[in-house]
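Listing of model18.txt, compact mmCIF, C-alpha atoms
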# COMPACT_ATOMS: atom_id res chain seq x y z
CA MET A 109 -23.36 11.48 25.34
CA ASN A 110 -23.60 15.19 24.84
CA PHE A 111 -22.26 17.29 21.99
CA LYS A 112 -19.18 18.44 23.93
CA GLU A 113 -18.11 14.85 24.66
CA ILE A 114 -18.55 13.87 21.01
CA LYS A 115 -16.52 16.89 19.89
CA GLU A 116 -13.71 15.90 22.29
CA LEU A 117 -13.72 12.39 20.81
CA ILE A 118 -13.49 13.82 17.31
CA ASP A 119 -10.49 15.92 18.36
CA ILE A 120 -8.82 12.89 19.91
CA LEU A 121 -9.41 10.87 16.73
CA ASP A 122 -7.98 13.66 14.54
CA GLN A 123 -4.82 13.96 16.64
CA SER A 124 -4.16 10.22 16.92
CA ASN A 125 -3.18 7.35 14.65
CA LEU A 126 -6.53 5.71 15.35
CA THR A 127 -8.88 5.20 12.43
CA GLU A 128 -12.06 4.34 14.33
CA ILE A 129 -13.67 4.84 17.74
CA ASN A 130 -16.75 2.85 18.86
CA ILE A 131 -18.52 3.82 22.07
CA ASP A 132 -21.64 2.19 23.47
CA ASP A 133 -23.31 4.22 26.19
CA LYS A 134 -26.60 4.06 28.07
CA GLY A 135 -27.94 6.84 25.88
CA GLY A 136 -26.91 5.16 22.59
CA SER A 137 -23.82 4.41 20.60
CA VAL A 138 -21.34 6.53 18.68
CA VAL A 139 -19.07 5.32 15.86
CA LEU A 140 -16.40 7.71 14.58
CA LYS A 141 -14.32 6.70 11.56
CA LYS A 142 -11.40 8.46 9.92
CA GLU A 143 -10.38 7.78 6.34
CA LYS A 144 -6.78 6.78 5.85
CA GLU A 145 -4.98 9.84 4.59
CA THR A 146 -1.39 8.61 4.87
CA GLU A 147 -1.31 7.54 1.23
CA ILE A 148 -2.51 10.97 0.13
CA ILE A 149 -0.35 12.96 2.54
CA THR A 150 2.94 11.27 1.63
CA PRO A 151 3.01 12.36 -2.04
CA GLN A 152 1.88 15.89 -1.14
CA VAL A 153 4.66 16.27 1.42
CA SER A 154 7.34 14.99 -0.96
CA GLY A 155 5.93 17.20 -3.72
CA GLN A 156 6.06 20.25 -1.46
CA VAL A 157 9.61 19.45 -0.46
CA ALA A 158 10.62 19.03 -4.10
CA GLN A 159 8.93 22.32 -5.02
CA ALA A 160 10.61 24.10 -2.13
CA GLN A 161 14.03 22.77 -3.12
CA ALA A 162 13.64 23.27 -6.86
CA PRO A 163 13.82 27.10 -6.84
CA GLN A 164 16.88 27.00 -4.59
CA ALA A 165 18.63 24.60 -6.93
CA GLU A 166 17.70 26.62 -10.03
CA ALA A 167 18.64 30.03 -8.61
CA PRO A 168 22.44 29.58 -8.78
CA THR A 169 22.25 28.03 -12.24
CA GLN A 170 21.95 30.72 -14.88
CA ASN A 171 22.43 28.51 -17.94
CA PRO A 172 19.95 25.61 -18.04
CA ALA A 173 21.29 24.12 -21.29
CA PRO A 174 24.28 22.26 -19.71
CA GLU A 175 21.90 20.68 -17.18
CA ALA A 176 19.69 19.38 -19.96
CA GLN A 177 22.72 17.93 -21.70
CA SER A 178 23.95 16.17 -18.54
CA ASN A 179 20.48 14.70 -17.92
CA THR A 180 20.43 13.38 -21.48
CA SER A 181 23.84 11.74 -21.12
CA GLU A 182 22.78 10.18 -17.81
CA SER A 183 19.63 8.73 -19.36
CA GLU A 184 21.64 7.33 -22.28
CA ALA A 185 24.09 5.70 -19.84
CA SER A 186 21.26 4.26 -17.75
CA ASP A 187 19.46 2.75 -20.78
CA ASP A 188 21.49 -0.45 -20.48
CA LEU A 189 20.90 -0.65 -16.71
CA GLN A 190 18.13 -2.80 -15.28
CA THR A 191 16.84 -2.82 -11.73
CA ILE A 192 15.91 -5.62 -9.40
CA ASN A 193 12.75 -4.43 -7.64
CA ALA A 194 11.16 -5.51 -4.37
CA PRO A 195 8.31 -7.95 -5.08
CA MET A 196 6.73 -7.13 -1.70
CA VAL A 197 6.86 -4.78 1.25
CA GLY A 198 9.35 -5.89 3.88
CA THR A 199 12.69 -5.46 5.58
CA PHE A 200 15.75 -5.81 3.32
CA TYR A 201 18.61 -8.07 4.43
CA LYS A 202 21.73 -8.48 2.31
CA SER A 203 22.80 -11.78 3.92
CA PRO A 204 21.13 -14.86 5.39
CA SER A 205 22.40 -13.93 8.88
CA PRO A 206 24.52 -11.16 10.42
CA GLU A 207 27.54 -13.48 10.64
CA GLU A 208 27.47 -14.50 6.98
CA ASN A 209 28.62 -12.68 3.84
CA ALA A 210 26.20 -10.75 1.66
CA TYR A 211 24.49 -12.63 -1.16
CA VAL A 212 25.84 -10.14 -3.70
CA GLN A 213 28.16 -7.15 -3.75
CA VAL A 214 28.87 -4.46 -6.30
CA GLY A 215 30.77 -6.08 -9.17
CA ASP A 216 29.26 -9.56 -8.72
CA THR A 217 27.67 -11.26 -11.71
CA VAL A 218 24.17 -12.67 -11.23
CA SER A 219 21.91 -14.91 -13.27
CA LYS A 220 18.12 -14.96 -13.29
CA ASP A 221 18.06 -17.65 -10.56
CA SER A 222 20.67 -16.04 -8.28
CA THR A 223 19.50 -15.14 -4.78
CA VAL A 224 20.36 -11.48 -4.19
CA CYS A 225 18.78 -10.73 -0.80
CA ILE A 226 16.12 -11.62 1.76
CA LEU A 227 12.93 -9.65 2.40
CA GLU A 228 11.28 -10.24 5.75
CA ALA A 229 7.53 -9.81 5.75
CA MET A 230 5.32 -10.84 8.66
CA LYS A 231 8.11 -12.91 10.28
CA LEU A 232 8.67 -14.83 7.02
CA PHE A 233 12.05 -14.60 5.34
CA ASN A 234 11.71 -14.64 1.54
CA GLU A 235 14.76 -15.20 -0.66
CA ILE A 236 14.61 -12.85 -3.63
CA GLN A 237 15.97 -13.95 -7.02
CA ALA A 238 17.56 -11.53 -9.48
CA GLU A 239 15.21 -12.36 -12.40
CA VAL A 240 17.75 -10.60 -14.64
CA SER A 241 21.29 -11.47 -15.66
CA GLY A 242 24.27 -9.15 -15.47
CA GLU A 243 26.67 -7.38 -13.14
CA ILE A 244 25.54 -5.64 -9.94
CA THR A 245 26.54 -1.98 -10.36
CA GLU A 246 24.83 -0.47 -7.32
CA ILE A 247 22.99 -1.56 -4.16
CA LEU A 248 20.24 1.00 -3.61
CA VAL A 249 19.11 0.12 -0.06
CA GLU A 250 20.79 -0.39 3.30
CA ASP A 251 20.76 -3.60 5.33
CA GLY A 252 17.74 -3.62 7.66
CA GLN A 253 15.89 -0.91 5.70
CA MET A 254 12.14 -1.14 5.07
CA VAL A 255 11.30 -1.32 1.37
CA GLU A 256 8.08 -0.76 -0.55
CA TYR A 257 6.54 -2.93 -3.24
CA GLY A 258 8.26 -2.21 -6.55
CA GLN A 259 11.09 -0.22 -4.97
CA PRO A 260 14.40 -0.68 -6.83
CA LEU A 261 16.90 -2.66 -4.74
CA PHE A 262 19.83 -3.19 -7.12
CA LYS A 263 21.05 -1.81 -10.45
CA VAL A 264 22.28 -4.44 -12.89
CA LYS A 265 24.31 -3.82 -16.07
As structure tokens - that is how I would like this structure written.
Amino acid sequence: MNFKEIKELIDILDQSNLTEINIDDKGGSVVLKKEKETEIITPQVSGQVAQAQAPQAEAPTQNPAPEAQSNTSESEASDDLQTINAPMVGTFYKSPSPEENAYVQVGDTVSKDSTVCILEAMKLFNEIQAEVSGEITEILVEDGQMVEYGQPLFKVK
């Protein structure tokens, strides 16, 4: 392979979702690897979006003191709230099947052993227990939505 062909392969690798290219040729072999950058890129993008939106949100507000007071009252109100978090990455389902009722709805009381949802991971359907007791005050994800490990699913009071 010549330099031009290798450069073209590098460009293809950079522009694709591929992480590695292995080529064996009569003149030798070439292995091109790309480090996974998706974990690094995601926080930077969300940080840039937050920074871009922050000045716009602050511009109309001339008195920051009331905002600080409202944030304090919100944090005091949320002190008695607990969350039920995703124990794994998967797809969130609120009911055992589309024809059946949801495991829990806002206002329902749950115990530590109550099943609150199903997370599908690698074609396995895992029933998720509340692990806290109280009343469901908010469902934070939509049916069929992908969730991350540790992502809050429900708020419990």
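Of the residues listed (A:Leu261, A:Ile120, A:Met196, A:Leu189), A:Leu261 shows the shortest atom-to-atom separation from A:Cys225; distances use only C-alpha atoms.
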**Item:** Exercise: stretch 207-210 of chain A partners within 12 Å, all atoms listed in the file, chain neighbours under 2 positions left out, as number ranges by chain
**Value:** A: 200-205, 212-214, 216, 223-226, 247, 250-251
**Message:** To one decimal place in Å, what is the distance between atom CA of A:Met230 and atom CA of A:Pro206?
**Reply:** 19.3 Å
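Reported to one decimal place, the separation of atom CA of A:Thr191 from atom CA of A:Leu227 is 16.2 Å.
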**Top pick for closest residue to A:Ile236, considering A:Gln190, A:Thr199, A:Gln123, A:Ser137 and counting all atoms listed in the file** = A:Thr199
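Considering all atoms listed in the file, the residue among A:Asp133, A:Glu228, A:Asp122, A:Glu239 positioned nearest to A:Met254 is A:Glu228.
Distances here use all atoms listed in the file; by that measure, the residue among A:Ser124, A:Lys134, A:Ile192, A:Ile129 closest to A:Asn110 is A:Lys134.
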**Atomic distance atom CA of A:Val240 - atom CA of A:Phe262, expressed in Å with one decimal** = 10.8 Å
